[in-house]
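Student: The structure follows.
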Amino acid sequence: MRAAHLASHRFGYSQPQLKTLANDPRSWVLAQFERPAEFDTEGLINSATAWQISRDVVQAALNPSTPPSNNQPQDALGPMTPARQLLRQTNLLMLDKRWQHMTQTTTPVAERWVQFWANHFCVAATKGSTLALVWPHEYEAIRPHAFGSYKSLLRAAIVHPAMLLYLDNAQSIGPQSIAGRRRDRGLNENLARELLELHTLGVKAGYTQDDVTQTAKLLTGWTVGPNTAGETRFIENLHQPGKKTIMGNTYSEGPQALDLLLNDLARHPACADFMASKLCRHFVTDNPPASLVQSVAEKFRSTDGDLKSLAVALFSHDLAWQEDLPPKFKRPEECLISAHRLMQKKVTNVENSAYWVQTMGQALARAPSPQGWPDLSADWLSPDTVLKRIQWAERYGELYGKDIDARDLMQQAFGPNLSTSTAQTIARAESGAQALAFALASPENLRR
């Protein structure tokens with residue numbers, strides 16, 4: 001049953017019935033990449049509409065038509081204007097759709113794969129222009145490409161309106177372009193720097209500051225704004241003319257240079273090593289075996305970044321299933337999703353659940369930097385974070401403890417891997433609420 005435990009809790013979001021995986025856990029994992037469950041986007045807005053909603057909120061804040069009344073709803077950011085009410089409703093709807101998929105999907109390992117790439121190509125609602133664009137970036141750019149080629153995923157993530165706005169490429173103008181000679185604005189290197197450092201090569205790949213500047217010049221022209229109706233366009237008047245040389249490769253001016261650059265970056269040896277390290281660290285352990293990382297990197301190179309092949313290389317490798325590797329500490333959102341999957345209950349109060357995830361240290365859609373949410377256990381393990389998780393578990397115990405036998409839940413989900421101390425603690429609980437709180441706050445449930 002140990003392999004079933006790893007499949008369920010190390011690679012997935014926790015299965016309520018561990019015995020259903022006992023016959024062939026590896027096949028259960030690998031089959032998910034052949035036919036991952038589809039994400040239903042019906043009723044969700046596209047990025048152009050999300051851009052308009054974000055823009056309306058900013059404009060309403062800058063140009064209030066009437067002063068707020070004493071009866072107007074308030075939150076931490078001030079008066080709840082009609083534009084902000086629409087923003088709130090839209091984001092809650094998108095988050096609800098996402099969470100219902102994550103808690104009910106029949107392919108949870110594939111879903112973890114999607115979430116890995118969404119965090120790798122992080123965008124955040126930390127500026128006005130991206131307030132409603134984080135979730136559209138996930139279901140428009142990440143989900144449709146997470147099981148295809150890395151190059152296609154890279155391009156979709158980079159040119160999506162959310163990324164162009166989040167990393168300021170939308171306002172980057174070639175100094176010698178037609179627009180650059182007319183305006184008091186110029187080059188912005190944010191997207192160029194993160195493209196090299198975070199999205200493809202890693203900080204140790206050997207590129208220079210000049211490579212970053214040349215990349216920024218190549219990316220000029222790719223923009224989104226009022227003149228594009230919130231959709232990504234290449235506008236030649238913004239594009240820096242002339243050739244650009246990046247890491248020894250020369251690219252001519254024009255929109256075609258982007259694909260040539262992304263192809264070269266995806267095929268750079270450092271890219272395979274960087275991606276393999278991140279994948280193994282996320283799915284296996286903080287310090288994965290070097291031979292596992294090397295095997296995944298070799299598959300990346302030999303398949304030209306085929307992501308399904310990469311998943312097979314990772315999840316079919318014996319070292320990924322090694323039993324004595326240190327487990328990882330779950331992120332707060334993972335705690336929430338795992339709990340609902342174990343209890344087999346939908347997330348019924350999205351706003352309240354988002355509050356608890358934020359209380360535990362993860363403000364959804366608001367990652368602290370373009371690096372995304374940290375992926376080492378030490379980043380999530382502190383006395384305060386443990387206390388907050390215990391408080392969350394107590395609250396969930398109060399909500400669901402009357403309906404759930406925590407002893408049976410943990411036995412079904414963890415089987416012989418449930419520690420004697422955890423089992424005894426749950427058995428000695430004074431109530432169903434306390435028993436469920438002990439279960440959700442247990443080491444087994446807080447780690448993967």
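How things are named: the first chain in the structure tokens is A, the next is B, and so on; residues count from 1 in each chain; ligands count from 1 in the order shown.
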Neighbours of Thr107 in chain A within 6 Å (only C-alpha atoms; same-chain residues fewer than 5 positions away dropped), as number ranges by chain?
Tutor: A: 32, 36-37
Student: Mind checking which residues fall within 6 Å of Arg341 in chain A, counting only C-alpha atoms, ignoring those fewer than 3 positions away in the same chain, and posting them as a PyMOL selection string?
Tutor: chain A and resi 103+338+344
Student: Nearest residue to Arg182 in chain A out of A:Asn237, A:Ala290, A:Ala311, A:Pro327, using only C-alpha atoms?
Tutor: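 Checking each candidate against Arg182 in chain A, we get A:Asn237 as the closest.
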Student: Can you list, as a PDB file with C-alpha atoms, in the first residue's frame, every protein, DNA or RNA residue that comes within 12 Å of Arg84 in chain A when you count only C-alpha atoms, leaving out same-chain residues fewer than 2 positions away?
Tutor:
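Saved as selection28.pdb:
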ATOM      1  CA  ILE A  53     -13.095  44.835 -15.774  1.00  0.00           C
ATOM      2  CA  SER A  54      -9.633  45.516 -14.348  1.00  0.00           C
ATOM      3  CA  ARG A  55      -9.441  48.794 -16.255  1.00  0.00           C
ATOM      4  CA  ASP A  56     -12.877  49.905 -15.045  1.00  0.00           C
ATOM      5  CA  VAL A  57     -11.856  49.330 -11.426  1.00  0.00           C
ATOM      6  CA  VAL A  58      -8.728  51.427 -11.850  1.00  0.00           C
ATOM      7  CA  GLN A  59     -10.569  54.219 -13.630  1.00  0.00           C
ATOM      8  CA  ALA A  60     -13.316  54.256 -10.989  1.00  0.00           C
ATOM      9  CA  ALA A  61     -10.678  54.561  -8.274  1.00  0.00           C
ATOM     10  CA  PRO A  73     -20.223  48.305   1.449  1.00  0.00           C
ATOM     11  CA  GLN A  74     -16.592  48.487   2.484  1.00  0.00           C
ATOM     12  CA  ASP A  75     -13.687  46.093   2.537  1.00  0.00           C
ATOM     13  CA  LEU A  77      -9.435  48.451   0.139  1.00  0.00           C
ATOM     14  CA  GLY A  78     -12.217  50.943   0.829  1.00  0.00           C
ATOM     15  CA  PRO A  79     -15.658  51.569  -0.714  1.00  0.00           C
ATOM     16  CA  MET A  80     -17.095  48.730  -2.781  1.00  0.00           C
ATOM     17  CA  THR A  81     -17.875  50.565  -6.017  1.00  0.00           C
ATOM     18  CA  PRO A  82     -19.983  48.894  -8.728  1.00  0.00           C
ATOM     19  CA  LEU A  86     -18.223  43.176 -10.493  1.00  0.00           C
ATOM     20  CA  LEU A  87     -14.527  42.386 -10.102  1.00  0.00           C
ATOM     21  CA  ARG A  88     -15.191  40.546  -6.839  1.00  0.00           C
ATOM     22  CA  GLN A  89     -18.093  38.556  -8.280  1.00  0.00           C
ATOM     23  CA  THR A  90     -16.103  37.642 -11.372  1.00  0.00           C
ATOM     24  CA  ASN A  91     -13.047  36.471  -9.465  1.00  0.00           C
ATOM     25  CA  GLY A 128      -4.540  47.332 -11.303  1.00  0.00           C
ATOM     26  CA  LEU A 131      -6.895  42.397 -11.112  1.00  0.00           C
ATOM     27  CA  ALA A 132      -9.144  40.006 -13.076  1.00  0.00           C
TER      28      ALA A 132
END
Student: Between A:Ile426, A:Leu93, A:Leu201, A:Val386, single out the one closest to Leu446 in chain A, counting only C-alpha atoms.
Tutor: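 Of A:Ile426, A:Leu93, A:Leu201, A:Val386, the one nearest Leu446 in chain A, counting only C-alpha atoms, is A:Val386.
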Student: Looking at only C-alpha atoms, which of A:Phe329, A:Trp51, A:Trp99, A:Tyr400 is the one that sits closest to Trp380 in chain A?
Tutor: A:Phe329
Student: Work out how far CA of Ala146 in chain A is from CA of Met360 in chain A, in Å to one decimal.
Tutor: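 So the answer is 28.0 Å.
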